[in-house]
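A.B. asks: This is structure19.txt (compact mmCIF, C-alpha atoms).
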# COMPACT_ATOMS: atom_id res chain seq x y z
CA MET A 1 0.00 0.00 0.00
CA LEU A 2 2.93 2.30 0.80
CA ASP A 3 4.29 1.81 -2.73
CA MET A 4 0.86 2.00 -4.36
CA GLY A 5 0.35 5.40 -2.71
CA ALA A 6 3.74 6.58 -4.01
CA ILE A 7 3.02 5.34 -7.53
CA ASN A 8 -0.36 7.14 -7.40
CA ARG A 9 1.51 10.25 -6.21
CA GLY A 10 -0.51 10.65 -3.07
CA GLY A 11 -4.22 10.51 -2.41
CA VAL A 12 -5.75 7.57 -0.63
CA VAL A 13 -5.30 3.85 -1.14
CA TYR A 14 -7.32 1.15 0.61
CA GLY A 15 -6.51 -2.38 1.58
CA PHE A 16 -8.73 -5.22 2.69
CA ILE A 17 -7.34 -8.23 4.45
CA THR A 18 -9.39 -11.33 4.92
CA THR A 19 -9.47 -14.92 6.05
CA GLY A 20 -12.75 -15.22 4.13
CA TYR A 21 -14.95 -15.06 7.19
CA HIS A 22 -13.24 -12.12 8.90
CA TRP A 23 -12.31 -8.87 7.17
CA GLN A 24 -10.46 -5.71 8.08
CA MET A 25 -10.18 -2.49 6.09
CA ILE A 26 -7.00 -0.38 6.04
CA ARG A 27 -6.55 3.16 4.74
CA TYR A 28 -3.26 4.72 3.69
CA GLN A 29 -3.48 8.48 3.31
CA GLY A 30 -1.12 11.35 3.94
CA GLY A 31 1.61 9.01 5.14
CA HIS A 32 -0.66 7.44 7.77
CA PHE A 33 -2.18 4.00 8.06
CA THR A 34 -5.53 3.49 9.82
CA GLN A 35 -7.28 0.17 10.32
CA THR A 36 -10.85 -0.72 11.20
CA ASN A 37 -12.15 -3.20 13.71
CA ILE A 38 -12.47 -6.74 12.39
CA PHE A 39 -15.87 -7.43 10.85
CA ASP A 40 -17.53 -10.58 9.50
CA VAL A 41 -19.11 -11.01 6.06
CA MET A 42 -20.95 -14.27 6.81
CA PHE A 43 -22.17 -16.63 9.51
CA HIS A 44 -23.33 -20.23 9.45
CA SER A 45 -27.09 -19.58 9.68
CA MET A 46 -27.16 -16.63 7.26
CA ARG A 47 -29.53 -18.45 4.87
CA GLU A 48 -32.18 -18.54 7.60
CA GLU A 49 -31.36 -15.09 8.96
CA GLU A 50 -31.17 -12.70 6.01
CA LYS A 51 -32.23 -9.71 8.12
CA LYS A 52 -29.41 -10.32 10.57
CA TRP A 53 -26.96 -10.62 7.63
CA LEU A 54 -28.20 -7.31 6.21
CA GLU A 55 -27.70 -5.63 9.58
CA ASP A 56 -24.36 -7.12 10.55
CA CYS A 57 -22.54 -8.12 7.36
CA SER A 58 -23.69 -6.08 4.36
CA ILE A 59 -21.42 -3.18 5.41
CA VAL A 60 -18.62 -4.91 3.45
CA ILE A 61 -20.42 -3.74 0.29
CA ASN A 62 -20.53 -0.13 1.51
CA ALA A 63 -16.85 -0.42 2.38
CA ILE A 64 -15.87 -1.65 -1.09
CA LEU A 65 -18.04 1.02 -2.72
CA SER A 66 -16.47 3.71 -0.58
CA ALA A 67 -13.02 2.49 -1.60
CA LEU A 68 -14.04 2.47 -5.28
CA VAL A 69 -15.32 6.04 -5.04
CA THR A 70 -12.44 7.61 -3.11
CA GLY A 71 -9.48 5.26 -3.60
CA GLY A 72 -6.77 6.25 -6.08
CA SER A 73 -7.69 9.92 -6.08
CA MET B 1 6.70 8.94 -13.69
CA LEU B 2 8.65 5.89 -14.83
CA ILE B 3 8.27 2.97 -12.46
CA PRO B 4 11.06 0.38 -12.58
CA HIS B 5 9.98 -2.99 -13.93
CA LYS B 6 12.25 -5.00 -11.68
CA TYR B 7 12.68 -4.98 -7.94
CA GLU B 8 15.56 -6.13 -5.73
CA VAL B 9 13.67 -7.52 -2.73
CA SER B 10 10.35 -9.36 -2.84
CA TYR B 11 7.70 -8.27 -0.30
CA SER B 12 7.45 -11.91 0.77
CA LYS B 13 11.12 -11.86 1.83
CA VAL B 14 10.93 -8.63 3.82
CA SER B 15 11.43 -9.24 7.54
CA ARG B 16 9.18 -7.70 10.17
CA ASP B 17 12.04 -5.38 11.29
CA GLU B 18 12.67 -4.25 7.73
CA ALA B 19 8.95 -3.62 7.16
CA GLU B 20 8.74 -1.56 10.35
CA GLU B 21 11.74 0.49 9.30
CA ARG B 22 10.12 1.29 5.94
CA LEU B 23 6.74 2.05 7.49
CA GLY B 24 8.19 4.09 10.34
CA PHE B 25 6.12 2.47 13.08
CA LEU B 26 5.96 -0.74 15.12
CA LEU B 27 3.38 -3.23 13.85
CA GLU B 28 2.61 -4.21 17.44
CA GLU B 29 1.67 -0.61 18.24
CA PHE B 30 -0.37 -0.36 15.04
CA GLU B 31 -2.35 -3.43 16.11
CA GLU B 32 -3.42 -1.72 19.31
CA ARG B 33 -5.60 0.86 17.57
CA ALA B 34 -8.59 0.59 15.26
CA ILE B 35 -11.70 2.57 14.33
CA SER B 36 -15.13 1.28 13.36
CA VAL B 37 -15.88 0.65 9.69
CA ARG B 38 -18.68 3.21 9.90
CA GLN B 39 -16.19 5.79 11.15
CA MET B 40 -13.80 5.10 8.25
CA LEU B 41 -16.61 5.33 5.70
CA ALA B 42 -17.82 8.58 7.26
CA GLU B 43 -14.31 10.02 6.96
CA ALA B 44 -14.12 9.17 3.26
CA ASN B 45 -14.72 12.09 0.93
CA PRO B 46 -17.21 12.07 -0.78
CA GLU B 47 -19.06 10.32 1.99
CA ASN B 48 -21.73 8.51 0.00
CA SER B 49 -21.25 5.95 -2.75
CA GLY B 50 -22.85 8.08 -5.44
CA LEU B 51 -25.24 5.24 -6.21
CA PRO B 52 -29.02 5.54 -5.83
CA GLU B 53 -30.42 3.65 -2.85
CA ASN B 54 -32.34 1.18 -5.05
CA VAL B 55 -29.19 0.29 -7.01
CA LEU B 56 -27.32 -0.29 -3.76
CA LEU B 57 -30.09 -2.57 -2.48
CA VAL B 58 -29.94 -4.66 -5.67
CA ILE B 59 -26.17 -5.09 -5.25
CA ILE B 60 -26.56 -6.06 -1.59
CA GLU B 61 -29.22 -8.66 -2.44
CA LYS B 62 -27.03 -10.05 -5.24
CA VAL B 63 -24.00 -10.40 -2.96
CA TYR B 64 -26.13 -12.15 -0.31
CA GLU B 65 -27.32 -14.72 -2.89
CA ARG B 66 -23.80 -15.19 -4.22
CA ILE B 67 -22.33 -15.82 -0.76
CA LEU B 68 -25.02 -18.46 -0.16
CA LYS B 69 -24.07 -20.15 -3.43
CA TYR B 70 -20.41 -19.93 -2.51
CA LEU B 71 -21.10 -21.63 0.84
CA VAL B 72 -22.89 -24.49 -0.91
CA GLY B 73 -20.13 -24.83 -3.48
CA GLU B 74 -16.96 -24.37 -1.41
CA GLY B 75 -18.02 -24.53 2.23
CA ILE B 76 -17.51 -22.17 5.14
CA PRO B 77 -13.97 -20.74 5.38
CA ALA B 78 -12.27 -22.60 8.21
CA ASP B 79 -8.70 -23.25 9.29
CA SER B 80 -9.58 -26.74 10.34
CA THR B 81 -10.46 -27.85 6.82
CA ALA B 82 -7.23 -29.07 5.28
CA ASP B 83 -8.49 -28.56 1.73
CA PHE B 84 -9.57 -24.98 2.31
CA LYS B 85 -6.90 -22.86 0.63
CA GLU B 86 -6.14 -19.23 -0.14
CA ALA B 87 -7.55 -19.85 -3.61
CA ASN B 88 -10.91 -20.57 -1.97
CA ILE B 89 -10.71 -17.26 -0.12
CA ASN B 90 -9.93 -15.47 -3.35
CA ASP B 91 -13.03 -17.07 -4.87
CA LEU B 92 -15.03 -15.56 -2.01
CA VAL B 93 -13.36 -12.18 -2.56
CA TYR B 94 -14.43 -12.31 -6.21
CA THR B 95 -17.91 -13.50 -5.19
CA ILE B 96 -18.33 -10.37 -3.08
CA ILE B 97 -16.60 -7.67 -5.10
CA ALA B 98 -17.56 -8.58 -8.68
CA PRO B 99 -21.17 -7.29 -8.50
CA VAL B 100 -19.99 -4.12 -6.75
CA ILE B 101 -17.35 -3.34 -9.38
CA ALA B 102 -19.68 -4.25 -12.26
CA ALA B 103 -22.59 -2.15 -11.02
CA SER B 104 -20.57 0.90 -10.06
CA SER B 105 -17.89 1.13 -12.76
CA MET B 106 -19.90 3.11 -15.30
CA LYS B 107 -21.94 5.01 -12.75
CA LEU B 108 -18.83 6.27 -11.01
CA GLY B 109 -17.32 7.34 -14.32
CA ARG B 110 -14.24 5.25 -13.67
CA LYS B 111 -12.85 2.44 -15.76
CA LEU B 112 -12.37 -0.11 -12.99
CA ARG B 113 -10.57 -3.39 -13.45
CA LEU B 114 -9.73 -6.20 -11.09
CA ARG B 115 -6.13 -7.32 -11.63
CA ARG B 116 -4.89 -10.67 -10.33
CA GLU B 117 -1.28 -11.35 -9.34
CA LYS B 118 -0.49 -7.76 -10.17
CA LYS B 119 3.18 -6.79 -9.98
CA ILE B 120 3.88 -3.77 -7.80
CA THR B 121 7.32 -2.16 -7.83
CA ALA B 122 8.42 0.58 -5.45
CA VAL B 123 9.34 3.83 -7.19
CA ASP B 124 12.98 3.35 -6.13
CA GLY B 125 12.98 -0.22 -7.47
CA LYS B 126 14.12 -1.66 -4.15
CA TYR B 127 10.99 -3.56 -3.13
CA GLY B 128 8.19 -5.23 -5.00
CA GLY B 129 6.03 -8.26 -5.40
CA LEU B 130 2.87 -9.78 -6.76
CA GLU B 131 -0.46 -8.89 -5.13
CA GLU B 132 -3.33 -11.37 -5.50
CA SER B 133 -6.22 -8.96 -6.04
CA VAL B 134 -5.76 -5.32 -6.97
CA THR B 135 -8.44 -2.96 -8.24
CA VAL B 136 -7.20 -0.25 -10.58
CA ASP B 137 -8.65 2.75 -12.38
CA LEU B 138 -7.56 2.89 -16.02
CA ILE B 139 -7.24 6.63 -16.51
CA GLY B 140 -5.01 6.58 -19.57
CA VAL B 141 -1.64 5.50 -20.92
CA GLY B 142 0.82 5.36 -18.01
CA LYS B 143 -1.80 6.81 -15.67
CA THR B 144 -3.25 3.75 -13.98
CA LYS B 145 -4.21 4.45 -10.37
CA PHE B 146 -4.30 1.87 -7.61
CA ILE B 147 -7.61 1.92 -5.75
CA PHE B 148 -7.46 -0.98 -3.34
CA VAL B 149 -5.69 -4.25 -2.71
CA ILE B 150 -7.13 -7.35 -1.07
CA GLU B 151 -4.84 -9.76 0.73
CA ALA B 152 -6.14 -13.21 1.66
CA LYS B 153 -4.67 -15.48 4.30
CA ARG B 154 -5.97 -18.78 5.61
CA THR B 155 -4.87 -18.30 9.18
CA THR B 156 -4.89 -14.83 10.72
CA LEU B 157 -5.49 -11.27 9.63
CA THR B 158 -2.26 -10.16 11.29
CA GLU B 159 -0.31 -12.55 9.10
CA ALA B 160 -1.97 -11.01 6.05
CA LYS B 161 -0.73 -7.56 7.04
CA ILE B 162 2.96 -8.49 7.17
Would you mind writing the file's structure down as structure tokens?
C.D. replies:
Amino acid sequence: MLDMGAINRGGVVYGFITTGYHWQMIRYQGGHFTQTNIFDVMFHSMREEEKKWLEDCSIVINAILSALVTGGS
Amino acid sequence: MLIPHKYEVSYSKVSRDEAEERLGFLLEEFEERAISVRQMLAEANPENSGLPENVLLVIIEKVYERILKYLVGEGIPADSTADFKEANINDLVYTIIAPVIAASSMKLGRKLRLRREKKITAVDGKYGGLEESVTVDLIGVGKTKFIFVIEAKRTTLTEAKI
């Protein structure tokens, strides 16, 4: 991410790290790294509990969208 | 800016000490602090995704269905399953991000592409390596911008950061 930021000549670059189940988002901007709390994108009973998935897990989509909108600029 | 094509040291061979020296902070100290995802998204500028609410809801529903299909096809990601590999995690990454990139690319006015095993080389040519999943914005000749990188690891998130 450090080198991506340099190649971009500044701005913001995002990183996501994941074990599949658990995710974490990292921002590199202005020479500083910031990470989020760990969040989950799934759980075993998500087929039966769509509402719970929407509440707890769908934020990964907002996170990716946010990165797509503001990353690299 | 001309970026060197070759690098001297691969990211995978960089020691923790060396990484900390480049970054200018201790990874252990970095691990002690985090903010909520909502906080990070609120700090992004512009704050909203630029997509109408109904478009966003369609994407969310699509990703939900795709994760369910993934779980049937490849199983729940778990350390204890010997045959569950990083390639399986990368399938999940694609499962989640593909609809988001596809639906937003044109609407955001950016030419977004997902690159796999993308070579990154530091501007001084010292360090570099291949990154599994990198999303780029194709602005023009020699003007590709890096948007985000996704690193998958079977075991722990901390391992993925190093």
A.B. asks: Once you count all atoms listed in the file, which residues of chain A turn out to be within 6 Å of chain B? Could you give them as a short mmCIF file (atom, residue, chain, number, x, y, z; two decimals) with C-alpha atoms, in the coordinates of the input?
C.D. replies:
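Below is the file selection35.cif, written as the result:
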data_model
loop_
_atom_site.label_atom_id
_atom_site.label_comp_id
_atom_site.auth_asym_id
_atom_site.auth_seq_id
_atom_site.Cartn_x
_atom_site.Cartn_y
_atom_site.Cartn_z
CA ASP A 3 4.29 1.81 -2.73
CA ASN A 8 -0.36 7.14 -7.40
CA VAL A 13 -5.30 3.85 -1.14
CA TYR A 14 -7.32 1.15 0.61
CA GLY A 15 -6.51 -2.38 1.58
CA PHE A 16 -8.73 -5.22 2.69
CA ILE A 17 -7.34 -8.23 4.45
CA THR A 18 -9.39 -11.33 4.92
CA THR A 19 -9.47 -14.92 6.05
CA GLY A 20 -12.75 -15.22 4.13
CA GLN A 35 -7.28 0.17 10.32
CA THR A 36 -10.85 -0.72 11.20
CA ASN A 37 -12.15 -3.20 13.71
CA LEU A 65 -18.04 1.02 -2.72
CA SER A 66 -16.47 3.71 -0.58
CA GLY A 71 -9.48 5.26 -3.60
CA GLY A 72 -6.77 6.25 -6.08
#
A.B. asks: Quick one: distance from atom CA of Phe39 of chain A to atom CA of Ile61 of chain A in Å, one decimal?
C.D. replies: 12.1 Å
A.B. asks: Separation of atom CA of His5 of chain B and atom CA of Gln29 of chain A, in Å?
C.D. replies: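 So the two atoms, atom CA of His5 of chain B and atom CA of Gln29 of chain A, lie 24.7 Å apart.
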A.B. asks: Expressed in Å to a single decimal, how great is the separation between atom CA of Leu57 of chain B and atom CA of Ile38 of chain A?
C.D. replies: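 These atoms are spaced 23.4 Å apart.
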A.B. asks: Tell me which of A:Asp40, A:Thr70, A:Asn62, A:Asp56 sits closest to Glu53 of chain B, counting only C-alpha atoms.
C.D. replies: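 Counting only C-alpha atoms, the residue closest to Glu53 of chain B is A:Asn62.
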